[in-house]
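The structure appears right after this line, and notes come after that.
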Amino acid sequence: MYASYGSKGLIALKMWFTFVILSLVWTISKRTGAYWATNGFLFALTIGGLMATRANVLATLGLHFPHPVQ
């Protein structure tokens with residue numbers, strides 16, 4: 001996506017995926033009454049985004065990724 005449309009295309013794709021996920025969560029929470037699920041998915045998206053940002057920064061700096069068992 002980045003190679004074809006640049007950074008604006010990548011940002012648009014990420015926003016679209018986030019909108020789709022939140023739409024699904026909102027629809028499910030309205031049907032079942034599980035309003036806590038929206039906060040859970042938002043938290044999971046935030047943590048996943050932070051992990052991806054860290055991985056990208058480490059890759060940009062040429063550093064090795066930490067081993068999970070240290």
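Labels for the structure tokens follow display order: chains A, B, ..., residues from 1 in each chain, ligands from 1.
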Per-residue nearest contacts of range 10-42 of chain A to range 49-62 of chain A (12 Å; only C-alpha atoms) as JSON lines:
{"residue": "A:Lys14", "atom": "CA", "partner": "A:Gly49", "partner_atom": "CA", "distance": 10.4}
{"residue": "A:Thr18", "atom": "CA", "partner": "A:Gly49", "partner_atom": "CA", "distance": 11.0}
{"residue": "A:Leu42", "atom": "CA", "partner": "A:Gly49", "partner_atom": "CA", "distance": 10.5}
Could you tell me how far CA of Arg31 in chain A lies from CA of Ala44 in chain A, in Å and to one decimal? 21.3 Å
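When only C-alpha atoms are used to compute distances to Phe41 in chain A, the closest of the residues A:Lys8, A:His64, A:Leu24, A:Trp16 turns out to be A:Leu24.
Across A:Pro68, A:Leu10, A:Phe17, A:Ser4, the tightest approach to Leu45 in chain A is made by A:Phe17 when counting only C-alpha atoms.
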Please provide the set of residues having any atom within 9 Å of Trp26 in chain A, restricted to only C-alpha atoms, with same-chain residues fewer than 3 positions apart removed, written as a count of residues only. 9
Would you please give, as a PyMOL selection string, all residues of chain A that DSSP assigns to helix (DSSP H, G or I) based on the backbone? chain A and resi 2-32+36-61
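Separating CA of Gly9 in chain A from CA of Thr46 in chain A is a distance of 20.5 Å.
Going from CA of Ala34 in chain A to CA of Ile47 in chain A covers 21.1 Å.
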